[in-house]
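A.B. asks: Got input34.cif for you, mmCIF, C-alpha atoms:
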data_input
loop_
_atom_site.label_atom_id
_atom_site.label_comp_id
_atom_site.auth_asym_id
_atom_site.auth_seq_id
_atom_site.Cartn_x
_atom_site.Cartn_y
_atom_site.Cartn_z
CA MET A 424 0.00 0.00 0.00
CA LEU A 425 2.76 2.42 1.02
CA LYS A 426 4.72 1.54 -2.14
CA SER A 427 1.70 2.37 -4.30
CA ILE A 428 1.27 5.71 -2.57
CA ASN A 429 4.96 6.55 -3.02
CA ARG A 430 4.79 5.60 -6.69
CA ALA A 431 1.76 7.84 -7.19
CA LEU A 432 3.50 10.75 -5.44
CA TYR A 433 7.07 10.37 -6.65
CA GLY A 434 6.84 8.07 -9.68
CA PRO A 435 8.78 4.82 -10.20
CA THR A 436 11.71 4.04 -7.92
CA PRO A 437 15.24 4.10 -9.41
CA GLU A 438 15.24 0.30 -9.48
CA GLU A 439 11.89 0.22 -11.31
CA LYS A 440 13.22 2.71 -13.85
CA VAL A 441 16.30 0.59 -14.54
CA ARG A 442 14.19 -2.56 -14.90
CA ALA A 443 11.92 -0.75 -17.38
CA TRP A 444 14.94 0.41 -19.43
CA GLN A 445 16.38 -3.09 -19.48
CA SER A 446 13.03 -4.43 -20.71
CA LYS A 447 13.00 -1.86 -23.54
CA LEU A 448 16.56 -2.74 -24.50
CA LYS A 449 15.69 -6.44 -24.75
CA ALA A 450 12.64 -5.67 -26.89
CA GLU A 451 14.71 -3.54 -29.28
CA SER A 452 17.39 -6.23 -29.43
CA ARG A 453 14.78 -8.81 -30.46
CA ALA A 454 13.49 -6.40 -33.12
CA LEU A 455 17.02 -6.03 -34.52
CA ASP A 456 17.35 -9.82 -34.60
CA ARG A 457 14.19 -10.03 -36.72
CA GLU A 458 15.48 -7.36 -39.10
CA ILE A 459 18.84 -9.14 -39.44
CA ARG A 460 17.04 -12.39 -40.30
CA GLN A 461 14.90 -10.62 -42.89
CA LEU A 462 17.97 -9.04 -44.47
CA THR A 463 19.78 -12.37 -44.56
CA MET A 464 16.86 -14.07 -46.31
CA ALA A 465 16.56 -11.24 -48.84
CA GLN A 466 20.31 -11.32 -49.45
CA ASP A 467 20.27 -15.07 -50.12
CA LYS A 468 17.56 -14.61 -52.73
CA ALA A 469 19.37 -11.64 -54.26
CA ARG A 470 22.67 -13.53 -54.46
CA ALA A 471 20.88 -16.41 -56.21
CA SER A 472 19.48 -13.91 -58.71
CA VAL A 473 22.92 -12.36 -59.23
CA LYS A 474 24.21 -15.83 -60.06
CA GLN A 475 21.35 -16.45 -62.52
CA LEU A 476 21.95 -13.11 -64.21
CA ALA A 477 25.67 -13.80 -64.45
CA LEU A 478 24.99 -17.22 -65.99
CA LYS A 479 22.91 -15.50 -68.66
CA GLY A 480 25.72 -13.06 -69.32
CA ASP A 481 23.72 -10.09 -68.03
CA VAL A 482 26.60 -8.64 -66.02
CA LYS A 483 25.07 -5.15 -66.00
CA SER A 484 21.88 -6.30 -64.23
CA ALA A 485 23.92 -8.57 -61.96
CA LYS A 486 26.00 -5.59 -60.88
CA ILE A 487 22.90 -3.48 -60.15
CA LEU A 488 21.51 -6.18 -57.89
CA ALA A 489 24.93 -6.82 -56.36
CA LYS A 490 24.97 -3.18 -55.20
CA GLU A 491 21.83 -3.87 -53.19
CA VAL A 492 23.48 -6.95 -51.70
CA VAL A 493 26.53 -4.90 -50.70
CA ARG A 494 24.38 -2.11 -49.27
CA SER A 495 22.30 -4.56 -47.28
CA GLU A 496 25.46 -6.23 -45.95
CA LYS A 497 26.66 -2.88 -44.67
CA GLN A 498 23.29 -2.32 -43.02
CA LYS A 499 23.41 -5.76 -41.44
CA ASP A 500 26.85 -4.98 -39.99
CA LYS A 501 25.41 -1.80 -38.45
CA LEU A 502 22.54 -3.77 -36.94
CA HIS A 503 24.94 -6.30 -35.37
CA VAL A 504 27.01 -3.45 -33.89
CA SER A 505 23.86 -1.75 -32.60
CA LYS A 506 22.65 -4.96 -31.00
CA ALA A 507 26.01 -5.30 -29.23
CA ARG A 508 25.69 -1.71 -27.98
CA LEU A 509 22.21 -2.42 -26.63
CA GLY A 510 23.68 -5.37 -24.76
CA SER A 511 26.47 -3.21 -23.37
CA ILE A 512 23.97 -0.65 -22.05
CA GLY A 513 22.07 -3.52 -20.41
CA ILE A 514 25.25 -4.65 -18.65
CA GLN A 515 26.00 -1.10 -17.52
CA LEU A 516 22.47 -0.83 -16.10
CA SER A 517 23.01 -4.07 -14.17
CA HIS A 518 26.09 -2.45 -12.65
CA GLN A 519 23.91 0.55 -11.77
CA LEU A 520 21.51 -1.74 -9.89
CA ALA A 521 24.39 -3.21 -7.93
CA MET A 522 25.70 0.26 -7.06
CA LEU A 523 22.18 1.40 -6.17
CA LYS A 524 22.09 -1.11 -3.31
CA VAL A 525 25.35 0.31 -1.96
CA THR A 526 24.99 4.05 -2.56
CA GLY A 527 21.20 4.38 -2.66
CA SER A 528 21.27 6.37 -5.90
CA LEU A 529 22.02 5.99 -9.62
CA GLN A 530 25.46 7.11 -10.79
CA LYS A 531 26.52 9.09 -13.85
CA SER A 532 27.85 6.89 -16.65
CA THR A 533 29.84 8.28 -19.57
CA GLU A 534 29.79 4.78 -21.12
CA ILE A 535 25.97 4.65 -21.24
CA MET A 536 25.95 8.20 -22.61
CA LYS A 537 28.38 7.33 -25.40
CA LEU A 538 26.56 4.12 -26.36
CA SER A 539 23.18 5.85 -26.35
CA ASN A 540 24.51 8.67 -28.50
CA ASP A 541 25.76 6.12 -31.04
CA LEU A 542 22.44 4.25 -31.07
CA ILE A 543 20.40 7.41 -31.69
CA LYS A 544 22.05 7.55 -35.13
CA LEU A 545 20.31 4.31 -36.16
CA PRO A 546 16.88 5.32 -37.57
CA ARG A 547 15.33 1.98 -36.59
CA ILE A 548 15.70 2.64 -32.84
CA SER A 549 16.38 6.37 -32.79
CA ALA A 550 13.02 7.39 -31.26
CA VAL A 551 13.20 4.79 -28.48
CA MET A 552 16.79 5.71 -27.61
CA ARG A 553 16.00 9.44 -27.56
CA GLU A 554 13.15 8.85 -25.13
CA MET A 555 15.25 6.55 -22.94
CA SER A 556 18.17 9.00 -22.98
CA MET A 557 15.90 11.80 -21.76
CA GLU A 558 14.66 9.57 -18.94
CA MET A 559 18.23 8.60 -17.98
CA THR A 560 19.26 12.27 -18.02
CA LYS A 561 16.43 13.12 -15.61
CA ALA A 562 17.47 10.15 -13.43
CA GLY A 563 21.03 11.49 -13.22
CA ILE A 564 22.75 8.72 -15.20
CA MET A 565 23.53 10.94 -18.19
CA GLU A 566 24.19 14.57 -18.95
CA GLU A 567 22.61 16.44 -21.84
CA MET A 568 23.82 14.76 -25.00
CA LEU A 569 25.64 16.57 -27.78
CA GLU A 570 24.90 14.55 -30.87
CA ASP A 571 27.63 13.97 -33.39
CA THR A 572 26.98 14.50 -37.07
CA LEU A 573 25.01 11.65 -38.53
CA ASP A 574 26.94 9.05 -40.47
CA MET A 575 27.43 9.96 -44.11
CA VAL A 576 25.58 7.99 -46.74
CA ASP A 577 27.36 5.16 -48.47
CA ASP A 578 30.19 6.30 -50.70
CA ASP A 579 29.11 5.60 -54.28
CA GLU A 580 32.62 4.83 -55.50
CA GLU A 581 33.25 2.35 -52.69
CA LEU A 582 29.84 0.76 -53.30
CA GLU A 583 30.65 0.45 -56.99
CA GLU A 584 33.95 -1.30 -56.27
CA GLU A 585 32.36 -3.72 -53.80
CA ALA A 586 29.54 -4.48 -56.26
CA ASP A 587 32.14 -5.21 -58.95
CA ALA A 588 33.93 -7.55 -56.55
CA GLU A 589 30.63 -9.29 -55.68
CA VAL A 590 29.80 -9.93 -59.36
CA GLU A 591 33.36 -10.99 -60.19
CA ALA A 592 33.31 -13.49 -57.33
CA VAL A 593 30.05 -14.95 -58.64
CA LEU A 594 31.34 -15.09 -62.22
CA TYR A 595 34.59 -16.66 -61.06
CA GLY A 596 32.72 -19.35 -59.16
CA ILE A 597 30.21 -20.31 -61.85
CA THR A 598 32.79 -20.34 -64.63
CA GLU A 599 35.47 -22.13 -62.59
CA GLY A 600 37.79 -19.17 -62.92
CA LYS A 601 37.15 -18.57 -66.63
CA LEU A 602 35.34 -15.26 -66.61
CA GLY A 603 35.43 -14.94 -70.39
CA LYS A 604 33.05 -17.86 -70.80
CA ALA A 605 30.27 -16.16 -68.85
CA GLY A 606 27.36 -15.15 -70.98
CA LYS A 607 27.32 -18.11 -73.39
CA VAL A 608 24.41 -19.75 -71.61
CA GLY A 609 21.12 -19.16 -73.41
CA GLN A 610 22.60 -17.51 -76.51
CA ASP A 611 20.88 -19.96 -78.84
CA LEU A 612 17.38 -19.14 -77.62
CA PRO A 613 14.92 -17.84 -80.23
CA ASP A 614 14.47 -14.05 -80.14
CA ALA A 615 10.90 -14.18 -78.77
CA GLN A 616 11.83 -16.60 -76.02
CA GLU A 617 14.93 -14.60 -75.19
CA ALA A 618 12.91 -11.37 -74.96
CA GLU A 619 10.34 -13.03 -72.71
CA GLN A 620 13.08 -14.41 -70.50
CA GLU A 621 14.68 -10.96 -70.29
CA GLU A 622 11.39 -9.40 -69.22
CA GLU A 623 10.96 -12.03 -66.50
CA THR A 624 14.51 -11.42 -65.33
CA GLU A 625 14.00 -7.66 -65.14
CA ALA A 626 10.74 -8.11 -63.24
CA ALA A 627 12.37 -10.51 -60.77
CA MET A 628 15.30 -8.14 -60.28
CA ALA A 629 12.93 -5.20 -59.65
CA ARG A 630 11.07 -7.23 -57.03
CA MET A 631 14.33 -8.18 -55.37
CA GLN A 632 15.53 -4.56 -55.29
CA GLU A 633 12.20 -3.41 -53.90
CA GLN A 634 12.33 -6.04 -51.16
CA LEU A 635 15.85 -5.07 -50.10
CA HIS A 636 15.01 -1.36 -50.22
CA GLY A 637 11.94 -1.98 -48.08
CA ILE A 638 13.98 -3.72 -45.38
CA LEU A 639 16.81 -1.18 -45.49
CA ASN A 640 14.45 1.79 -45.21
CA SER A 641 12.14 0.30 -42.58
#
Show how you would write the structure in this file as structure tokens.
C.D. replies:
Amino acid sequence: MLKSINRALYGPTPEEKVRAWQSKLKAESRALDREIRQLTMAQDKARASVKQLALKGDVKSAKILAKEVVRSEKQKDKLHVSKARLGSIGIQLSHQLAMLKVTGSLQKSTEIMKLSNDLIKLPRISAVMREMSMEMTKAGIMEEMLEDTLDMVDDDEELEEEADAEVEAVLYGITEGKLGKAGKVGQDLPDAQEAEQEEETEAAMARMQEQLHGILNS
């Protein structure tokens, strides 16, 4: 009864606040896991399409799709790093709980501040981390954050080089190291059949790009 009255008058206790933050962190970590799985599945399909396009000798289309594969791989790396940072904040909060029993209050943490500032840059969890950071600032764990400049968008030249490498690796594998032989498959098809096959390929590639874009921009 007394606890309920105190909560109504003063809000959650420091321990309750930390428990609530830890719960949010776990929920966001699970959400990142789902997004990583979705990206992996989309990448597998895209890589299979890159291989099919390369077998047909359509290196240009293969390269376009390979760019999406490279871009999604970069995004997946960011998600893995972000998940690790969420875990690190959770560990730091556990330390706060331990210190709370000794000192009776939450302590300032530059580590939590730095990790939170990094996580705010990820659009997927930016809103949640901003809200949590404000709560932690009020609780005395963090100071007002000075956000760094957001990460720059992918460098086109670097993306181009990595896409080239992705396609070359596929071509190398399917031609057993003889890149010059790529493109001979399907050359004897009648014009109508070849045109129909090309249309199907373009449609499949567009669907694949759309799927990857959807996951990357979610």
A.B. asks: Rounded to one decimal, what separation in Å do you get between CA of Lys499 (chain A) and CA of Ile512 (chain A)?
C.D. replies: 20.1 Å
A.B. asks: Taking the file as shown, find all residues satisfying the PyMOL selection byres ((chain A and resi 560) around 12) and write them as a list in words.
C.D. replies: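 Selected by the PyMOL selection byres ((chain A and resi 560) around 12) here: Leu529, Gln530, Lys531, Ser532, Thr533, Ile535, Met536, Ser539, Met552, Arg553, Glu554, Met555, Ser556, Met557, Glu558, Met559, Lys561, Ala562, Gly563, Ile564, Met565, Glu566, Glu567 and Met568 of chain A.
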A.B. asks: Determine the residue set returned by the PyMOL selection byres ((chain A and resi 506) around 9) for the present structure, and present it as an MDAnalysis selection string.
C.D. replies: chainID A and resid 451:453 455:456 501:505 507:511
A.B. asks: Kindly resolve the PyMOL selection byres ((chain A and resi 471-474) around 7) on the present coordinates and return the residues as a list in words.
C.D. replies: Asp467, Lys468, Ala469, Arg470, Gln475, Leu476, Ala477, Leu478, Ala485, Leu488, Ala489 and Val593 of chain A
A.B. asks: Mind pulling up the distance from CA of Arg547 (chain A) to CA of Arg494 (chain A)?
C.D. replies: 16.1 Å
A.B. asks: Could you check which of A:Gly434, A:Leu448, A:Val441, A:Ala588 is closest to Leu523 (chain A), using all atoms listed in the file?
C.D. replies: A:Val441
